[in-house]
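Below is one structure; the comments refer to it alone.
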Amino acid sequence: MTERKVRVRFAPSPTGPLHIGGVRTALYNYLFARQHGGDLIFRIEDTDSTRFVPGAEEYIIESFKWLGIQFDEGVSFGGNHGPYRQSERRDIYKKYVQVLLDAGRAYIAFDTPEELDAKRATIENFQYDASTRLQMRNSLTLSQEEVDALIAEGQQYVVRFKIEPGRDVVVDDLIRGKVTINSNVLDDKVLYKSADELPTYHLANIVDDHLMEVTHVIRGEEWLPSAPLHVLLYEAFEWADTMPRFAHLPLLLKPIGNGKLSKRDGDKLGFPVFPLEWHDPKSGEISSGYREKGYLPQAVVNFLALLGWNPGEAHDEMMSLEELVQYFDLGKCSKNGAKFDYVKAAWFNHQYLLQQPDEAWAPAFGKVLSEQGIDATTAQMTEVVRMMKTKVIEYVDGQGNKKKRNISFASDLWPLTKFFFVAPAEFDREDKFIKKNWKEDTANEMRNFAERLAQVADFTAEGLKAEIDPWVEQNELRPWNAWRVCLVGAGQGPDMYELAAFLGKEETLNRMQFAIANLG
RNA sequence: GGCGCUUUCGUCUAGCGGCUAGGACACAUGCCUCUCACGCAUGGAACACGGGUUCGAUUCCCGUAGGCGCUACCA
């Protein structure tokens with residue numbers, strides 16, 4: 001076999017928003033393609049006409065655009081292996097179904113869903129296979145004339161794959177090694193349904209991968225059990241020599257408890273499971289997205305790449321898309337499912353947020369501020385970000401515990417920066433910080449301090465420091481905490497000189513006066 | 001139930017027969033300090049269990065237990 005150009009595909013069903021697990025699968029395909037100078041194909045698997053959801057396809061494309069994952073060909077990307085939407089490939093599938101039928105590797109079955117249900121009810125562990133197919137209504141038990149007649153009168157039918165019993169089928173998986181399954185446990189899978197003239201996933205998948213010259217199938221572990229069936233299909237078509245290599249990725253699991261990560265977990269624990277916000281066209285339900293939540297795409301990509309794969313000691317965990325392409329290795333993927341750790345996801349975002357220049361926060365920060373009815377200039381916001389971006393915010397985790405974490409999103413800034421824009425309206429005398437730092441004679445000290453501040457001509461952080469530091473030392477004063485009470489109203493905030501400079505002389509003195517009047 | 005995959009700190013993981021079992025997130029403590037932080041330093045924390053193979057098993061093999069997946073005219 002000659003060396004073929006690497007070609008991989010990501011092939012979602014347009015049944016709703018793209019799940020974060022699907023994003024990771026696509027990311028791994030992307031990394032693998034880039035690394036090998038290959039192509040990444042975007043195919044839409046819409047063979048289940050009943051589950052189609054309008055808008056899903058557009059949503060998926062927009063998600064990848066946001067994440068920076070680029071496709072080389074496929075739906076909306078062009079290419080000469082199209083069409084890339086399976087619903088537009090009916091004729092192709094029909095032709096290949098006929099190939100299997102003619103070769104005696106598949107047969108036509110007329111059993112209705114009701115009849116099958118009845119079988120399942122009477123026979124324990126009923127499976128449509130070599131042991132039972134001769135008791136059913138299909139082209140193996142009916143004469144050619146009867147079959148033709150049934151089709152002619154419009155009876156619905158399906159085409160089933162005729163599995164040869166008693167064979168050990170080996171799937172050579174890039175991540176798991178050789179996986180062997182006996183064909184006895186495989187059933188005669190439905191390959192094609194006459195009702196909508198569409199194939200099922202299995203047939204469409206094999207035909208498309210073959211025709212699109214796919215060399216590697218990188219997909220979730222949920223497909224591992226049907227991989228032997230796919231191997232058998234390649235053999236039946238006599239395409240075994242160009243059969244793609246398989247790699248089945250571990251699944252993404254819930255952060256707490258057991259089971260696969262689901263949409264509900266995200267809503268419950270306060271992290272999104274979709275890249276973009278999704279508005280369900282039927283129920284009107286809104287599911288949160290990483291983009292809207294304030295995540296940077298680089299952070300999402302970095303975090304996701306490390307869920308199930310890791311470069312070992314070759315590199316630290318902060319990696320750009322380019323570095324991921326460089327270091328990614330299918331053979332280094334782990335085999336067991338990874339619990340989704342949203343605390344670490346937030347940490348990644350924090351890191352990328354810090355890497356951004358301060359002025360880059362302005363759009364997101366501005367949005368947060370305007371929601372609070374505050375109008376700030378970009379210069380002001382940039383200055384506030386500079387002072388506050390390394391602070392920590394308290395939040396409540398999924399189990400109701402109070403926790404602290406670094407500022408991870410621009411939206412975290414509001415509770416920590418409110419005082420830059422709004423003067424304290426009242427003081428909580430029971431507050432620990434205020435109690436400790438506002439004693440009986442503090443009001444007098446602050447009055448003196450305000451008088452001294454009023455004389456400062458250069459009311460900048462540097463100017464204040466130059467004048468006030470010596471004065472404080474001379475008079476043996478420690479006015480900062482009480483001053484903080486005046487300007488912030490709590491034990492938080494940046495360096496006091498910087499804060500005062502930001503507020504300006506007038507506002508600073510006003511706030512001090514107000515505090516003196518209130519706290520006495 | 002059947003079949004398959006899987007099992008290292010709380011979480012993500014490194015390890016590919018001999019290591020004080022390493023890192024990251026999280027957590028705790030100390031230093032720094034005008035508050036809260038950042039930063040820096042330190043610390044606690046893991047090889048599921050039972051048999052083999054071997055001079056020697058976290059590592060290889062077999063069981064058991066747990067976890068996950070599949071078992072549709074869904075993907």
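Ligands are numbered from 1 in the order shown, chains are lettered A, B, ... in the order of the structure tokens, and residues start at 1 in each chain.
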
Based on only C-alpha atoms (C1' of nucleotides), which of the residues in chain A come within 8 Å of chain B? I want them as a VMD selection string.
chain A and resid 13 45 48 113 158 181 185 190 192 to 193 201 221 to 226 258 to 260 306 to 307 310 312 to 313 317 335 to 339 341 343 to 344 347 390 to 392 478 to 481 484 490 to 493 495 to 496

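Near stretch 284-295 of chain A, within a cut-off of 6 Å and counting only C-alpha atoms (C1' of nucleotides), sit the residues Pro272, Phe274, Pro275, Leu276, Glu277, Trp278, His279, Asp280, Pro281 and Phe409 of chain A, with same-chain residues fewer than 3 positions away left out.
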
Which polymer residues have any atom within 8 Å of an atom of A:Ile218, counting only C-alpha atoms (C1' of nucleotides), with same-chain residues fewer than 3 positions away left out, as an MDAnalysis selection string?
chainID A and resid 8:9 25 28:29 246:249

With N, CA and C atoms kept, could you save the residues just selected as a PDB file, in the first residue's frame?
ATOM      1  N   VAL A   8      -8.630  13.280   7.606  1.00  0.00           N
ATOM      2  CA  VAL A   8      -9.510  12.928   8.715  1.00  0.00           C
ATOM      3  C   VAL A   8     -10.783  13.748   8.604  1.00  0.00           C
ATOM      4  N   ARG A   9     -11.768  13.355   9.369  1.00  0.00           N
ATOM      5  CA  ARG A   9     -13.032  14.091   9.271  1.00  0.00           C
ATOM      6  C   ARG A   9     -13.670  14.256  10.633  1.00  0.00           C
ATOM      7  N   THR A  25     -13.268  16.082  20.213  1.00  0.00           N
ATOM      8  CA  THR A  25     -13.029  15.137  19.128  1.00  0.00           C
ATOM      9  C   THR A  25     -12.587  15.882  17.865  1.00  0.00           C
ATOM     10  N   TYR A  28      -8.984  17.167  18.263  1.00  0.00           N
ATOM     11  CA  TYR A  28      -7.964  16.129  18.074  1.00  0.00           C
ATOM     12  C   TYR A  28      -7.797  15.803  16.590  1.00  0.00           C
ATOM     13  N   ASN A  29      -8.904  15.761  15.882  1.00  0.00           N
ATOM     14  CA  ASN A  29      -8.812  15.529  14.434  1.00  0.00           C
ATOM     15  C   ASN A  29      -8.030  16.646  13.765  1.00  0.00           C
ATOM     16  N   PHE A 246      -8.194   3.276  13.036  1.00  0.00           N
ATOM     17  CA  PHE A 246      -9.158   3.769  14.015  1.00  0.00           C
ATOM     18  C   PHE A 246      -8.473   4.246  15.279  1.00  0.00           C
ATOM     19  N   ALA A 247      -9.057   5.261  15.893  1.00  0.00           N
ATOM     20  CA  ALA A 247      -8.591   5.728  17.202  1.00  0.00           C
ATOM     21  C   ALA A 247      -9.834   6.127  17.987  1.00  0.00           C
ATOM     22  N   HIS A 248     -10.107   5.401  19.060  1.00  0.00           N
ATOM     23  CA  HIS A 248     -11.300   5.693  19.862  1.00  0.00           C
ATOM     24  C   HIS A 248     -10.913   6.414  21.145  1.00  0.00           C
ATOM     25  N   LEU A 249     -11.390   7.631  21.252  1.00  0.00           N
ATOM     26  CA  LEU A 249     -11.013   8.503  22.365  1.00  0.00           C
ATOM     27  C   LEU A 249     -11.833   8.223  23.613  1.00  0.00           C
TER      28      LEU A 249
END

Residue contacts of B:A28 (12 Å, only C-alpha atoms (C1' of nucleotides)) excluding same-chain residues fewer than 6 positions away, as an MDAnalysis selection string
chainID B and resid 42:45

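Counting from atom CA of A:Gln356, the distance to atom CA of A:Gly68 is 17.2 Å.
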
Which of stretch 145-378 of chain A fall in alpha helix (DSSP H), as a VMD selection string:
chain A and resid 145 to 152 201 to 211 227 to 236 263 to 269 290 to 293 297 to 305 321 to 327 342 to 355 362 to 371 378

What does the distance between atom CA of A:Tyr96 and atom CA of A:Ile151 come to in Å, to one decimal place?
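Computing it gives 18.8 Å between the two atoms.
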
If DSSP is run on the backbone, what residues of stretch 178-320 of chain A are strand (DSSP E)? A reply as a list in words would be ideal.
Lys178, Val179, Thr180, Ile181, Asn182, Val190, Leu191, Tyr192, Lys193, Leu198, Pro199, His216, Val217, Ile218, Arg219, Gly220, Arg245, Phe246, Ala247, His248, Leu249, Leu252, Leu253, Trp278, His279, Ile286 and Ser287 of chain A

Could you pull the residues within 8 Å of stretch 428-435 of chain A, counting only C-alpha atoms (C1' of nucleotides), minus those fewer than 2 positions along the same chain, as a PDB file with C-alpha atoms, in the first residue's frame?
ATOM      1  CA  GLU A 426     -23.147  53.349  53.735  1.00  0.00           C
ATOM      2  CA  ASN A 437      -9.464  50.286  61.430  1.00  0.00           C
ATOM      3  CA  TRP A 438     -11.976  52.920  62.461  1.00  0.00           C
ATOM      4  CA  LYS A 439     -11.438  53.845  66.080  1.00  0.00           C
ATOM      5  CA  ALA A 482      -8.814  54.057  57.512  1.00  0.00           C
ATOM      6  CA  VAL A 485     -12.523  52.558  54.559  1.00  0.00           C
ATOM      7  CA  GLY A 489     -15.867  51.016  52.280  1.00  0.00           C
ATOM      8  CA  ALA A 490     -14.242  47.635  52.777  1.00  0.00           C
ATOM      9  CA  GLY A 491     -10.918  45.851  53.114  1.00  0.00           C
TER      10      GLY A 491
END

Report, in Å to a single decimal, how far apart atom CA of A:Ala299 and atom CA of A:Asn349 are.
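Atom CA of A:Ala299 lies at a distance of 5.0 Å from atom CA of A:Asn349.
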
Residues near B:U54, anyone? I mean within 9 Å using only C-alpha atoms (C1' of nucleotides), not counting same-chain ones fewer than 2 positions away, as a ChimeraX atom specification.
/B:17,56-57

Serialized selection, C-alpha atoms (C1' of nucleotides), as a PDB file, in the first residue's frame:
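See again.pdb below for the written result:
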ATOM      1  C1'   G B  17      10.589  -4.191  35.433  1.00  0.00           C
ATOM      2  C1'   G B  56      12.712  -7.675  41.603  1.00  0.00           C
ATOM      3  C1'   A B  57       6.487  -5.462  40.092  1.00  0.00           C
TER       4        A B  57
END
